[in-house]
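A.B. asks: Provided below: structure_28.cif, containing mmCIF, C-alpha atoms.
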```cif
data_structure
loop_
_atom_site.label_atom_id
_atom_site.label_comp_id
_atom_site.auth_asym_id
_atom_site.auth_seq_id
_atom_site.Cartn_x
_atom_site.Cartn_y
_atom_site.Cartn_z
CA MET A 51 180.22 71.04 242.71
CA LEU A 52 182.56 68.10 243.38
CA TYR A 53 185.54 70.44 243.19
CA ALA A 54 183.87 72.83 245.65
CA GLY A 55 183.28 69.89 248.00
CA GLY A 56 186.96 69.04 247.82
CA VAL A 57 187.84 72.64 248.59
CA ALA A 58 185.47 72.58 251.59
CA ALA A 59 187.23 69.46 252.90
CA ASP A 60 190.62 71.21 252.81
CA PRO A 61 190.76 73.85 255.57
CA ASP A 62 193.73 75.71 254.06
CA LEU A 63 192.26 75.81 250.57
CA SER A 64 188.77 76.79 251.75
CA GLU A 65 190.32 79.60 253.82
CA ALA A 66 192.31 80.78 250.81
CA TYR A 67 189.18 80.87 248.64
CA ALA A 68 187.18 82.55 251.42
CA GLY A 69 189.84 85.27 251.61
CA LYS A 70 189.25 86.23 247.97
CA THR A 71 185.45 86.27 247.90
CA LYS A 72 183.49 89.37 247.00
CA PRO A 73 180.49 90.61 249.01
CA GLY A 74 177.62 88.14 248.68
CA GLN A 75 179.89 85.40 247.32
CA THR A 76 180.76 82.19 249.19
CA PHE A 77 184.04 80.35 248.91
CA ARG A 78 182.10 77.52 247.23
CA ASN A 79 180.81 79.93 244.55
CA LEU A 80 184.35 81.14 243.91
CA ALA A 81 185.68 77.58 243.81
CA VAL A 82 183.09 76.56 241.20
CA ALA A 83 183.82 79.69 239.14
CA ASP A 84 187.54 78.95 239.35
CA TYR A 85 186.98 75.35 238.27
CA LEU A 86 185.04 76.51 235.22
CA HIS A 87 187.52 79.20 234.16
CA ALA A 88 191.10 78.66 233.00
CA PRO A 89 193.68 81.40 233.45
CA ASP A 90 194.16 84.03 230.73
CA ILE A 91 197.59 84.66 229.23
CA ASP A 92 197.24 88.37 228.53
CA LEU A 93 200.80 89.19 227.38
CA ILE A 94 204.02 87.48 226.36
CA ASP A 95 206.68 90.20 226.33
CA LEU A 96 209.75 89.05 224.38
CA SER A 97 211.44 92.46 224.26
CA GLY A 98 213.99 91.37 226.87
CA TYR A 99 214.86 88.07 225.19
CA HIS A 100 217.84 88.08 222.81
CA GLY A 101 218.95 84.45 223.09
CA LYS A 102 221.41 84.95 225.94
CA PRO A 103 221.47 83.44 229.43
CA GLY A 104 219.97 85.94 231.86
CA ASP A 105 217.55 87.40 229.31
CA VAL A 106 214.05 87.83 230.69
CA ILE A 107 210.67 86.91 229.19
CA ARG A 108 207.79 88.63 230.96
CA ILE A 109 204.34 87.07 231.00
CA GLU A 110 201.08 88.54 232.30
CA VAL A 111 198.59 85.91 233.45
CA THR A 112 195.30 86.45 235.27
CA ASP A 113 192.81 84.12 236.90
CA ASP A 114 189.66 84.53 238.97
CA PHE A 115 191.43 82.96 241.97
CA ALA A 116 195.13 82.25 241.52
CA VAL A 117 197.65 81.18 238.89
CA LYS A 118 199.52 78.15 240.15
CA GLU A 119 202.37 77.90 237.63
CA VAL A 120 203.61 79.22 234.30
CA LYS A 121 205.85 77.08 232.10
CA ILE A 122 207.97 78.27 229.16
CA VAL A 123 209.26 76.12 226.28
CA ILE A 124 211.60 77.69 223.72
CA THR A 125 212.14 75.84 220.44
CA ASN A 126 214.08 76.67 217.29
CA SER A 127 212.30 76.98 213.95
CA ASP A 128 213.16 73.31 213.19
CA GLY A 129 211.50 72.16 216.43
CA THR A 130 214.73 71.63 218.35
CA LEU A 131 214.33 72.32 222.07
CA VAL A 132 216.41 75.28 223.25
CA GLU A 133 215.25 75.22 226.87
CA GLU A 134 212.24 74.90 229.11
CA GLY A 135 211.40 75.78 232.67
CA PHE A 136 209.06 77.55 235.02
CA ALA A 137 208.57 81.29 235.33
CA ARG A 138 208.53 82.85 238.77
CA PRO A 139 205.70 85.00 240.07
CA GLU A 140 206.30 88.69 240.70
CA PRO A 141 204.75 90.58 243.64
CA SER A 142 202.06 92.15 241.42
CA GLY A 143 200.19 88.84 241.42
CA TYR A 144 199.71 88.77 237.65
CA GLU A 145 203.25 89.18 236.29
CA TRP A 146 205.57 86.22 235.89
CA THR A 147 209.17 86.26 234.66
CA TYR A 148 211.28 83.59 233.05
CA THR A 149 215.05 83.99 233.00
CA ALA A 150 216.78 82.24 230.11
CA THR A 151 219.54 79.78 230.91
CA ALA A 152 220.70 78.70 227.43
CA THR A 153 222.39 80.42 224.53
CA ASN A 154 220.18 80.63 221.45
CA ASP A 155 222.18 81.98 218.50
CA ASP A 156 219.48 81.97 215.81
CA LEU A 157 216.13 83.42 216.93
CA SER A 158 214.57 83.57 213.48
CA GLY A 159 211.30 81.63 213.52
CA ASP A 160 211.74 80.42 217.10
CA ARG A 161 208.64 79.64 219.17
CA ILE A 162 207.97 80.53 222.76
CA ASP A 163 205.21 78.28 224.12
CA VAL A 164 203.67 79.39 227.40
CA SER A 165 201.30 77.29 229.49
CA ALA A 166 199.62 78.48 232.66
CA SER A 167 197.62 76.51 235.19
CA ASP A 168 195.42 77.44 238.12
CA THR A 169 194.46 75.76 241.40
CA PRO A 170 191.92 73.30 239.89
CA CYS A 171 194.56 72.45 237.23
CA ASN A 172 192.91 74.20 234.27
CA ILE A 173 195.61 74.76 231.67
CA VAL A 174 195.78 77.39 228.95
CA GLU A 175 198.47 77.69 226.29
CA LYS A 176 199.65 80.51 224.08
CA THR A 177 202.48 80.75 221.55
CA ALA A 178 204.60 83.68 220.47
CA GLU A 179 207.03 83.60 217.56
CA LEU A 180 210.27 85.48 217.17
#
```
Go ahead and express the file in the form of structure tokens.
C.D. replies:
Amino acid sequence: MLYAGGVAADPDLSEAYAGKTKPGQTFRNLAVADYLHAPDIDLIDLSGYHGKPGDVIRIEVTDDFAVKEVKIVITNSDGTLVEEGFARPEPSGYEWTYTATATNDDLSGDRIDVSASDTPCNIVEKTAEL
């Protein structure tokens, strides 16, 4: 309820929540639901990643209100950091893409760690291995 009160005190945020309510739902109800529910990372698609700059990792993330950011961390099998950065949202509203910037010659056993956060700063993490 404290989060919903904060949303109510922010005209832009309360308007944004109000714009996504369903019939019979108030923006406060949606804000509380959003606060209690972290985003879901539904898919990490590594088919476009081959360890070359410009390769694309596609992520599907959903939330009951909005996904705020999606971060990618790529590490080698020995834990060495290859690269990290933020994915960009696509127009669909649930797809995000990360474009690789570093060369990664040995993909065997590499980890792709994805974290996603929403407006109330709930964070969910998921890992994929190559």
A.B. asks: Just checking: using all atoms listed in the file, which residue out of A:Ser97, A:Thr71, A:Ser167, A:Thr151 ends up closest to Thr112 (chain A)?
C.D. replies: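 Looking at the shortest contact to Thr112 (chain A), the residue is A:Ser167.
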A.B. asks: The PyMOL selection byres ((chain A and resi 147) around 9) on the file shown: which residues, as a PDB file with C-alpha atoms, in the frame of the given file?
C.D. replies:
```pdb
ATOM      1  CA  VAL A 106     214.050  87.830 230.690  1.00  0.00           C
ATOM      2  CA  ILE A 107     210.670  86.910 229.190  1.00  0.00           C
ATOM      3  CA  ARG A 108     207.790  88.630 230.960  1.00  0.00           C
ATOM      4  CA  ILE A 109     204.340  87.070 231.000  1.00  0.00           C
ATOM      5  CA  GLU A 110     201.080  88.540 232.300  1.00  0.00           C
ATOM      6  CA  VAL A 120     203.610  79.220 234.300  1.00  0.00           C
ATOM      7  CA  PHE A 136     209.060  77.550 235.020  1.00  0.00           C
ATOM      8  CA  ALA A 137     208.570  81.290 235.330  1.00  0.00           C
ATOM      9  CA  ARG A 138     208.530  82.850 238.770  1.00  0.00           C
ATOM     10  CA  PRO A 139     205.700  85.000 240.070  1.00  0.00           C
ATOM     11  CA  GLU A 140     206.300  88.690 240.700  1.00  0.00           C
ATOM     12  CA  GLU A 145     203.250  89.180 236.290  1.00  0.00           C
ATOM     13  CA  TRP A 146     205.570  86.220 235.890  1.00  0.00           C
ATOM     14  CA  TYR A 148     211.280  83.590 233.050  1.00  0.00           C
ATOM     15  CA  THR A 149     215.050  83.990 233.000  1.00  0.00           C
TER      16      THR A 149
END
```
A.B. asks: When you draw a straight line from CA of Leu131 (chain A) to CA of Tyr99 (chain A), how long is it in Å?
C.D. replies: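 Distance reported for this atom pair: 16.1 Å.
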A.B. asks: Could you tell me which residues the PyMOL selection byres ((chain A and resi 123-129) around 8) grabs in this file, written as a list of chain:residue names?
C.D. replies: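 With the PyMOL selection byres ((chain A and resi 123-129) around 8) on this model, the match is A:Lys121, A:Ile122, A:Thr130, A:Leu131, A:Val132, A:Glu133, A:Glu134, A:Gly135, A:Asp156, A:Leu157, A:Ser158, A:Gly159, A:Asp160, A:Arg161, A:Ile162, A:Asp163, A:Val164.
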A.B. asks: For Ala81 (chain A), which residue among A:Ala116, A:Ala59, A:Ala54, A:Ala68 is the nearest when counting only C-alpha atoms?
C.D. replies: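 Comparing A:Ala116, A:Ala59, A:Ala54, A:Ala68 against Ala81 (chain A), the winner is A:Ala54.
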A.B. asks: I need the output of the PyMOL selection byres ((chain A and resi 173) around 12) for this file as a list in words; which residues are they?
C.D. replies: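 For this structure, the PyMOL selection byres ((chain A and resi 173) around 12) captures Asp84, Tyr85, Leu86, His87, Ala88, Pro89, Asp90, Ile91, Val111, Asp113, Val117, Lys118, Glu119, Val120, Lys121, Val164, Ser165, Ala166, Ser167, Asp168, Thr169, Pro170, Cys171, Asn172, Val174, Glu175 and Lys176 of chain A.
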A.B. asks: Determine, counting only C-alpha atoms, which protein, DNA and RNA residues have an atom within 9 Å of an atom of Asp155 (chain A); residues of the same chain fewer than 2 positions away are not included. Present the result as a PyMOL selection string.
C.D. replies: chain A and resi 100-102+153+157
A.B. asks: What's the separation between CA of Arg78 (chain A) and CA of Leu93 (chain A), in Å to one decimal place?
C.D. replies: 29.7 Å
A.B. asks: Quick check, in Å to one decimal: how far apart do CA of Asn79 (chain A) and CA of Ser142 (chain A) lie?
C.D. replies: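 Interatomic distance here is 24.7 Å.
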